[in-house]
Every structure is written in structure tokens, then in C-alpha cells.
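Peer 1: So I've got this file, target-v1.cif, and it contains mmCIF, C-alpha atoms:
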data_input
#
loop_
_atom_site.label_atom_id
_atom_site.label_comp_id
_atom_site.auth_asym_id
_atom_site.auth_seq_id
_atom_site.Cartn_x
_atom_site.Cartn_y
_atom_site.Cartn_z
CA MET B 1 -21.94 -54.91 153.70
CA GLN B 2 -18.51 -56.22 154.79
CA SER B 3 -16.94 -55.13 151.50
CA THR B 4 -18.40 -51.62 151.86
CA LEU B 5 -17.10 -51.32 155.41
CA PHE B 6 -13.67 -52.52 154.26
CA LEU B 7 -13.64 -49.90 151.47
CA ILE B 8 -14.68 -47.15 153.90
CA ILE B 9 -11.92 -48.13 156.34
CA LEU B 10 -9.40 -48.07 153.49
CA LEU B 11 -10.75 -44.67 152.43
CA ALA B 12 -10.21 -43.38 155.97
CA ILE B 13 -6.65 -44.73 155.87
CA GLY B 14 -6.12 -42.98 152.52
CA ILE B 15 -7.44 -39.70 153.94
CA ILE B 16 -5.30 -39.97 157.08
CA ALA B 17 -2.25 -40.76 154.95
CA LYS B 18 -3.20 -37.97 152.49
CA ASN B 19 -2.75 -40.34 149.56
CA GLN B 20 -4.65 -38.86 146.62
CA SER B 21 -4.44 -41.95 144.38
CA LEU B 22 -5.84 -44.22 147.06
CA ILE B 23 -8.60 -41.72 147.95
CA ILE B 24 -9.68 -41.34 144.31
CA ALA B 25 -9.61 -45.10 143.67
CA LEU B 26 -11.69 -45.86 146.75
CA ALA B 27 -14.13 -43.00 146.11
CA VAL B 28 -14.72 -44.27 142.56
CA LEU B 29 -15.27 -47.82 143.84
CA LEU B 30 -17.71 -46.65 146.50
CA VAL B 31 -19.66 -44.51 144.01
CA LEU B 32 -19.86 -47.42 141.57
CA LYS B 33 -20.95 -49.71 144.40
CA PHE B 34 -23.61 -47.35 145.80
CA THR B 35 -25.08 -46.53 142.38
CA GLY B 36 -25.40 -50.20 141.48
CA ILE B 37 -23.15 -49.76 138.45
CA GLY B 38 -20.44 -51.75 140.21
CA ASP B 39 -22.22 -55.06 139.62
CA LYS B 40 -21.86 -54.48 135.89
CA VAL B 41 -18.43 -52.84 135.65
CA PHE B 42 -16.44 -54.46 138.49
CA PRO B 43 -15.88 -57.71 136.56
CA LEU B 44 -14.70 -55.77 133.51
CA ILE B 45 -12.42 -53.53 135.55
CA GLN B 46 -11.06 -56.52 137.46
CA GLN B 47 -10.34 -58.36 134.21
CA LYS B 48 -8.94 -55.48 132.15
CA GLY B 49 -7.98 -52.81 134.69
CA ILE B 50 -4.35 -53.79 135.15
CA ASN B 51 -3.80 -53.73 131.39
CA TRP B 52 -5.56 -50.36 131.11
CA GLY B 53 -3.40 -48.98 133.92
CA VAL B 54 -0.20 -50.27 132.34
CA THR B 55 -1.27 -48.69 129.04
CA ILE B 56 -1.88 -45.32 130.71
CA ILE B 57 1.49 -45.48 132.50
CA THR B 58 3.18 -46.42 129.21
CA ILE B 59 1.56 -43.45 127.47
CA ALA B 60 2.77 -41.13 130.24
CA VAL B 61 6.32 -42.51 130.00
CA LEU B 62 6.34 -42.07 126.20
CA ILE B 63 5.15 -38.43 126.27
CA PRO B 64 8.73 -37.01 126.28
CA ILE B 65 9.38 -38.92 123.04
CA ALA B 66 6.13 -37.68 121.52
CA THR B 67 6.93 -34.07 122.44
CA GLY B 68 10.49 -34.33 121.15
CA ASP B 69 12.08 -33.83 124.56
CA ILE B 70 13.76 -37.21 124.18
CA GLY B 71 15.09 -38.37 120.84
CA PHE B 72 17.79 -40.53 119.34
CA LYS B 73 20.48 -38.02 120.32
CA GLN B 74 19.53 -38.13 124.00
CA LEU B 75 19.31 -41.93 123.90
CA GLN B 76 22.73 -42.19 122.28
CA GLU B 77 24.24 -39.82 124.86
CA ALA B 78 22.56 -41.65 127.74
CA LEU B 79 23.90 -45.02 126.64
CA LYS B 80 27.42 -43.72 127.16
CA SER B 81 26.70 -43.72 130.90
CA SER B 82 27.05 -46.80 133.08
CA PHE B 83 24.02 -45.62 135.05
CA ALA B 84 21.95 -45.60 131.85
CA TRP B 85 22.92 -49.23 131.24
CA ILE B 86 21.93 -50.07 134.81
CA ALA B 87 18.60 -48.32 134.24
CA LEU B 88 18.10 -50.15 130.93
CA LEU B 89 18.76 -53.56 132.50
CA SER B 90 16.60 -52.68 135.50
CA GLY B 91 13.75 -51.73 133.18
CA ILE B 92 14.04 -55.04 131.36
CA PHE B 93 14.20 -56.98 134.64
CA VAL B 94 11.20 -55.19 136.18
CA ALA B 95 9.11 -55.66 133.02
CA LEU B 96 9.85 -59.38 133.05
CA ILE B 97 9.01 -59.65 136.74
CA ALA B 98 5.77 -57.70 136.25
CA SER B 99 4.69 -59.99 133.41
CA LYS B 100 4.87 -62.96 135.78
CA GLY B 101 3.04 -60.88 138.38
CA ILE B 102 0.05 -60.32 136.09
CA THR B 103 -0.33 -64.07 135.65
CA LEU B 104 -0.11 -64.70 139.38
CA LEU B 105 -2.63 -61.95 140.21
CA GLN B 106 -5.11 -63.32 137.68
CA ASN B 107 -4.78 -66.95 138.80
CA ASP B 108 -4.27 -66.95 142.57
CA PRO B 109 -6.92 -65.03 144.59
CA HIS B 110 -5.46 -65.58 148.08
CA ILE B 111 -2.06 -64.30 146.97
CA THR B 112 -3.81 -61.35 145.34
CA ALA B 113 -5.46 -60.37 148.63
CA ALA B 114 -2.14 -60.33 150.50
CA LEU B 115 -0.38 -58.40 147.72
CA VAL B 116 -3.18 -55.84 147.43
CA PHE B 117 -3.23 -55.29 151.18
CA GLY B 118 0.56 -54.91 151.25
CA THR B 119 0.33 -52.39 148.42
CA ILE B 120 -2.40 -50.43 150.21
CA LEU B 121 -0.26 -50.25 153.35
CA ALA B 122 2.76 -49.06 151.36
CA VAL B 123 0.71 -46.52 149.40
CA ALA B 124 -1.05 -45.20 152.50
CA PHE B 125 1.82 -45.07 154.96
CA LEU B 126 5.12 -45.22 153.09
CA ASN B 127 4.41 -42.95 150.10
CA GLY B 128 4.48 -45.97 147.83
CA VAL B 129 2.98 -46.09 144.36
CA ALA B 130 0.23 -48.55 143.46
CA VAL B 131 2.22 -50.40 140.82
CA GLY B 132 3.29 -52.58 143.72
CA PRO B 133 0.90 -55.47 143.05
CA LEU B 134 2.49 -56.19 139.68
CA ILE B 135 6.05 -56.05 140.90
CA GLY B 136 5.14 -57.69 144.20
CA ALA B 137 3.36 -60.51 142.41
CA GLY B 138 6.32 -60.92 140.07
CA ILE B 139 8.72 -61.13 142.98
CA ALA B 140 6.36 -63.55 144.73
CA TYR B 141 6.21 -65.65 141.55
CA ILE B 142 10.00 -65.84 141.34
CA ALA B 143 10.28 -66.64 145.07
CA MET B 144 7.65 -69.39 144.72
CA LYS B 145 9.51 -70.90 141.76
CA ILE B 146 12.75 -70.88 143.80
CA VAL B 147 11.00 -72.58 146.72
CA GLU B 148 9.45 -75.14 144.33
CA PHE B 149 12.86 -75.80 142.78
CA PHE B 150 14.53 -76.48 146.12
CA SER B 151 11.53 -78.42 147.47
CA ALA B 152 11.45 -80.86 144.57
#
Kindly transcribe the structure held in the file into C-alpha cells.

Peer 2:
Amino acid sequence: MQSTLFLIILLAIGIIAKNQSLIIALAVLLVLKFTGIGDKVFPLIQQKGINWGVTIITIAVLIPIATGDIGFKQLQEALKSSFAWIALLSGIFVALIASKGITLLQNDPHITAALVFGTILAVAFLNGVAVGPLIGAGIAYIAMKIVEFFSA
């Protein structure tokens, strides 16, 4: 009952904030929960969902290559720009951070709760995007390693 109430409150926050992604995610979870399907699919979604989401985002990012809008010529021209090099290095850095975030999210439930809640707040009220848990967890992982290093 507490989990249902929590989901309904988050749905209300999503509606107030007019955040379509949050509304859809919570509506799907509530439907799965009320139909009883959730007991069967929640563990699978929890285990594989992040990877599925990353795959869908990757497909969306690669569409311009698949359609021919971006090719070797555009890449070569872009790499002449200092901003393109900044973007390239940022992409590498964020991907590395996110990889550490996945590990943290899978292995540390109390950190996961704080990160998920922070992401929900950012999505609902600050027009954030729900990739936050991966990046947030990656940043948290790096910060924890720094604290461990200086605490040792």
C-alpha cells in the first residue's frame, strides 16, 4: 500500500510539473501493479531496464547515421572544430562515468533511492531528463572513491 501511495504522489507531481516521461513511467508502473503483472515483470525490468533504456537511447542517437544525415564527411568537418573535440571528450567522460553508475545502482540500494528521488525532483521541477540516475550514480561513485582515497 505504501508503494502505491508513493507512486500516486509521484504521478501527481509529474502531472503538476507537466512531465510526460514521468507521467508515462508512473502510469505504466501503476497499471502493472494493479493488474498483478508487476510481481512477474518488475524484477526483470529492474534488472534489465537500464540496459534496455540505454539501448533505445543509443538507437535514437544513431538514427542520423542510419538515415545518411551524418556521414564520414560531416564527422571529418566536425573534428576541425575545437567544440567538436570538447564534445567528443565529454561524450567519452560521461560514458565512463555512467558505466560506474550502473554498477553502483545495481549494488547499493540506499544510494539508489537517493539518486532516484533526486532524478524525479529534477525531472518534475527542473525540466531534467531521466538519464540522471546513471550520471548521478557515476558522479557519486567517483566522489566516493575520492573520499575513500583521502580517508585511507

Peer 1: Translate the PyMOL selection byres ((chain B and resi 98-114) around 12) into a concrete residue list for this structure, as a ChimeraX atom specification.

Peer 2: /B:46-51,54,90-97,115-121,131-145

Peer 1: Go ahead and dump the residues you just picked, C-alpha atoms, as a PDB file, in the coordinates of the input.

Peer 2:
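File written: part35.pdb
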ATOM      1  CA  GLN B  46     -11.060 -56.520 137.460  1.00  0.00           C
ATOM      2  CA  GLN B  47     -10.340 -58.360 134.210  1.00  0.00           C
ATOM      3  CA  LYS B  48      -8.940 -55.480 132.150  1.00  0.00           C
ATOM      4  CA  GLY B  49      -7.980 -52.810 134.690  1.00  0.00           C
ATOM      5  CA  ILE B  50      -4.350 -53.790 135.150  1.00  0.00           C
ATOM      6  CA  ASN B  51      -3.800 -53.730 131.390  1.00  0.00           C
ATOM      7  CA  VAL B  54      -0.200 -50.270 132.340  1.00  0.00           C
ATOM      8  CA  SER B  90      16.600 -52.680 135.500  1.00  0.00           C
ATOM      9  CA  GLY B  91      13.750 -51.730 133.180  1.00  0.00           C
ATOM     10  CA  ILE B  92      14.040 -55.040 131.360  1.00  0.00           C
ATOM     11  CA  PHE B  93      14.200 -56.980 134.640  1.00  0.00           C
ATOM     12  CA  VAL B  94      11.200 -55.190 136.180  1.00  0.00           C
ATOM     13  CA  ALA B  95       9.110 -55.660 133.020  1.00  0.00           C
ATOM     14  CA  LEU B  96       9.850 -59.380 133.050  1.00  0.00           C
ATOM     15  CA  ILE B  97       9.010 -59.650 136.740  1.00  0.00           C
ATOM     16  CA  LEU B 115      -0.380 -58.400 147.720  1.00  0.00           C
ATOM     17  CA  VAL B 116      -3.180 -55.840 147.430  1.00  0.00           C
ATOM     18  CA  PHE B 117      -3.230 -55.290 151.180  1.00  0.00           C
ATOM     19  CA  GLY B 118       0.560 -54.910 151.250  1.00  0.00           C
ATOM     20  CA  THR B 119       0.330 -52.390 148.420  1.00  0.00           C
ATOM     21  CA  ILE B 120      -2.400 -50.430 150.210  1.00  0.00           C
ATOM     22  CA  LEU B 121      -0.260 -50.250 153.350  1.00  0.00           C
ATOM     23  CA  VAL B 131       2.220 -50.400 140.820  1.00  0.00           C
ATOM     24  CA  GLY B 132       3.290 -52.580 143.720  1.00  0.00           C
ATOM     25  CA  PRO B 133       0.900 -55.470 143.050  1.00  0.00           C
ATOM     26  CA  LEU B 134       2.490 -56.190 139.680  1.00  0.00           C
ATOM     27  CA  ILE B 135       6.050 -56.050 140.900  1.00  0.00           C
ATOM     28  CA  GLY B 136       5.140 -57.690 144.200  1.00  0.00           C
ATOM     29  CA  ALA B 137       3.360 -60.510 142.410  1.00  0.00           C
ATOM     30  CA  GLY B 138       6.320 -60.920 140.070  1.00  0.00           C
ATOM     31  CA  ILE B 139       8.720 -61.130 142.980  1.00  0.00           C
ATOM     32  CA  ALA B 140       6.360 -63.550 144.730  1.00  0.00           C
ATOM     33  CA  TYR B 141       6.210 -65.650 141.550  1.00  0.00           C
ATOM     34  CA  ILE B 142      10.000 -65.840 141.340  1.00  0.00           C
ATOM     35  CA  ALA B 143      10.280 -66.640 145.070  1.00  0.00           C
ATOM     36  CA  MET B 144       7.650 -69.390 144.720  1.00  0.00           C
ATOM     37  CA  LYS B 145       9.510 -70.900 141.760  1.00  0.00           C
TER      38      LYS B 145
END

Peer 1: Between CA of Phe34 (chain B) and CA of Ala122 (chain B), measure the distance and give it in Å to one decimal.

Peer 2: 27.0 Å

Peer 1: List the residues selected by the PyMOL selection byres ((chain B and resi 5-18) around 9) in the file shown, writing them as a PyMOL selection string.

Peer 2: chain B and resi 1-4+19-27+29-30+120-121+123-127

Peer 1: Can you tell me how far CA of Gly53 (chain B) sits from CA of Ala130 (chain B), in Å to one decimal?

Peer 2: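 Going from CA of Gly53 (chain B) over to CA of Ala130 (chain B), I get 10.2 Å.
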
Peer 1: What does the distance between CA of Gln76 (chain B) and CA of Val61 (chain B) come to in Å, to one decimal place?

Peer 2: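 Spanning CA of Gln76 (chain B) to CA of Val61 (chain B) is a straight-line distance of 18.1 Å.
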
Peer 1: Please output region 77-88 of chain B, rebuilt to include all heavy atoms, as a compact mmCIF listing (two decimals), keeping the file's coordinate frame.

Peer 2:
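Result file rebuild-v3.txt:
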# COMPACT_ATOMS: atom_id res chain seq x y z
N GLU B 77 23.41 -40.41 123.81
CA GLU B 77 24.24 -39.82 124.86
C GLU B 77 24.06 -40.57 126.18
O GLU B 77 25.03 -40.81 126.90
CB GLU B 77 23.88 -38.34 125.05
CG GLU B 77 24.35 -37.47 123.90
CD GLU B 77 23.86 -36.03 124.02
OE1 GLU B 77 23.41 -35.64 125.11
OE2 GLU B 77 23.94 -35.31 123.00
N ALA B 78 22.83 -40.95 126.48
CA ALA B 78 22.56 -41.65 127.74
C ALA B 78 23.26 -43.01 127.78
O ALA B 78 23.74 -43.43 128.83
CB ALA B 78 21.05 -41.83 127.93
N LEU B 79 23.32 -43.68 126.65
CA LEU B 79 23.90 -45.02 126.64
C LEU B 79 25.41 -45.02 126.82
O LEU B 79 26.02 -46.07 126.95
CB LEU B 79 23.49 -45.76 125.36
CG LEU B 79 22.00 -46.10 125.28
CD1 LEU B 79 21.67 -46.80 123.97
CD2 LEU B 79 21.56 -46.93 126.47
N LYS B 80 26.01 -43.83 126.85
CA LYS B 80 27.42 -43.72 127.16
C LYS B 80 27.67 -43.79 128.68
O LYS B 80 28.80 -43.94 129.11
CB LYS B 80 27.98 -42.41 126.62
CG LYS B 80 27.96 -42.33 125.11
CD LYS B 80 28.42 -40.96 124.63
CE LYS B 80 28.32 -40.84 123.12
NZ LYS B 80 28.60 -39.48 122.65
N SER B 81 26.60 -43.72 129.44
CA SER B 81 26.70 -43.72 130.90
C SER B 81 26.46 -45.11 131.45
O SER B 81 25.55 -45.82 131.02
CB SER B 81 25.64 -42.75 131.46
OG SER B 81 25.34 -43.05 132.79
N SER B 82 27.26 -45.49 132.44
CA SER B 82 27.05 -46.80 133.08
C SER B 82 25.71 -46.83 133.82
O SER B 82 25.04 -47.86 133.87
CB SER B 82 28.20 -47.13 134.02
OG SER B 82 28.32 -46.13 135.02
N PHE B 83 25.30 -45.68 134.36
CA PHE B 83 24.02 -45.62 135.05
C PHE B 83 22.86 -45.86 134.08
O PHE B 83 21.86 -46.46 134.44
CB PHE B 83 23.84 -44.28 135.77
CG PHE B 83 24.70 -44.14 137.00
CD1 PHE B 83 24.98 -42.89 137.52
CD2 PHE B 83 25.24 -45.25 137.65
CE1 PHE B 83 25.76 -42.75 138.65
CE2 PHE B 83 26.02 -45.13 138.79
CZ PHE B 83 26.28 -43.86 139.29
N ALA B 84 23.00 -45.37 132.85
CA ALA B 84 21.95 -45.60 131.85
C ALA B 84 21.82 -47.09 131.55
O ALA B 84 20.72 -47.61 131.38
CB ALA B 84 22.24 -44.82 130.57
N TRP B 85 22.95 -47.79 131.48
CA TRP B 85 22.92 -49.23 131.24
C TRP B 85 22.29 -49.97 132.42
O TRP B 85 21.53 -50.93 132.24
CB TRP B 85 24.31 -49.76 130.92
CG TRP B 85 24.69 -49.43 129.51
CD1 TRP B 85 25.47 -48.40 129.08
CD2 TRP B 85 24.24 -50.11 128.33
NE1 TRP B 85 25.55 -48.40 127.72
CE2 TRP B 85 24.80 -49.44 127.22
CE3 TRP B 85 23.43 -51.21 128.10
CZ2 TRP B 85 24.57 -49.83 125.92
CZ3 TRP B 85 23.19 -51.61 126.80
CH2 TRP B 85 23.77 -50.92 125.72
N ILE B 86 22.57 -49.49 133.62
CA ILE B 86 21.93 -50.07 134.81
C ILE B 86 20.42 -49.85 134.74
O ILE B 86 19.63 -50.75 134.99
CB ILE B 86 22.53 -49.48 136.11
CG1 ILE B 86 23.98 -49.94 136.27
CG2 ILE B 86 21.68 -49.85 137.33
CD1 ILE B 86 24.74 -49.21 137.38
N ALA B 87 20.03 -48.64 134.36
CA ALA B 87 18.60 -48.32 134.24
C ALA B 87 17.95 -49.18 133.15
O ALA B 87 16.83 -49.68 133.33
CB ALA B 87 18.42 -46.84 133.93
N LEU B 88 18.63 -49.34 132.02
CA LEU B 88 18.10 -50.15 130.93
C LEU B 88 17.89 -51.60 131.38
O LEU B 88 16.80 -52.17 131.18
CB LEU B 88 19.07 -50.11 129.74
CG LEU B 88 18.70 -50.98 128.54
CD1 LEU B 88 17.51 -50.38 127.81
CD2 LEU B 88 19.89 -51.11 127.61
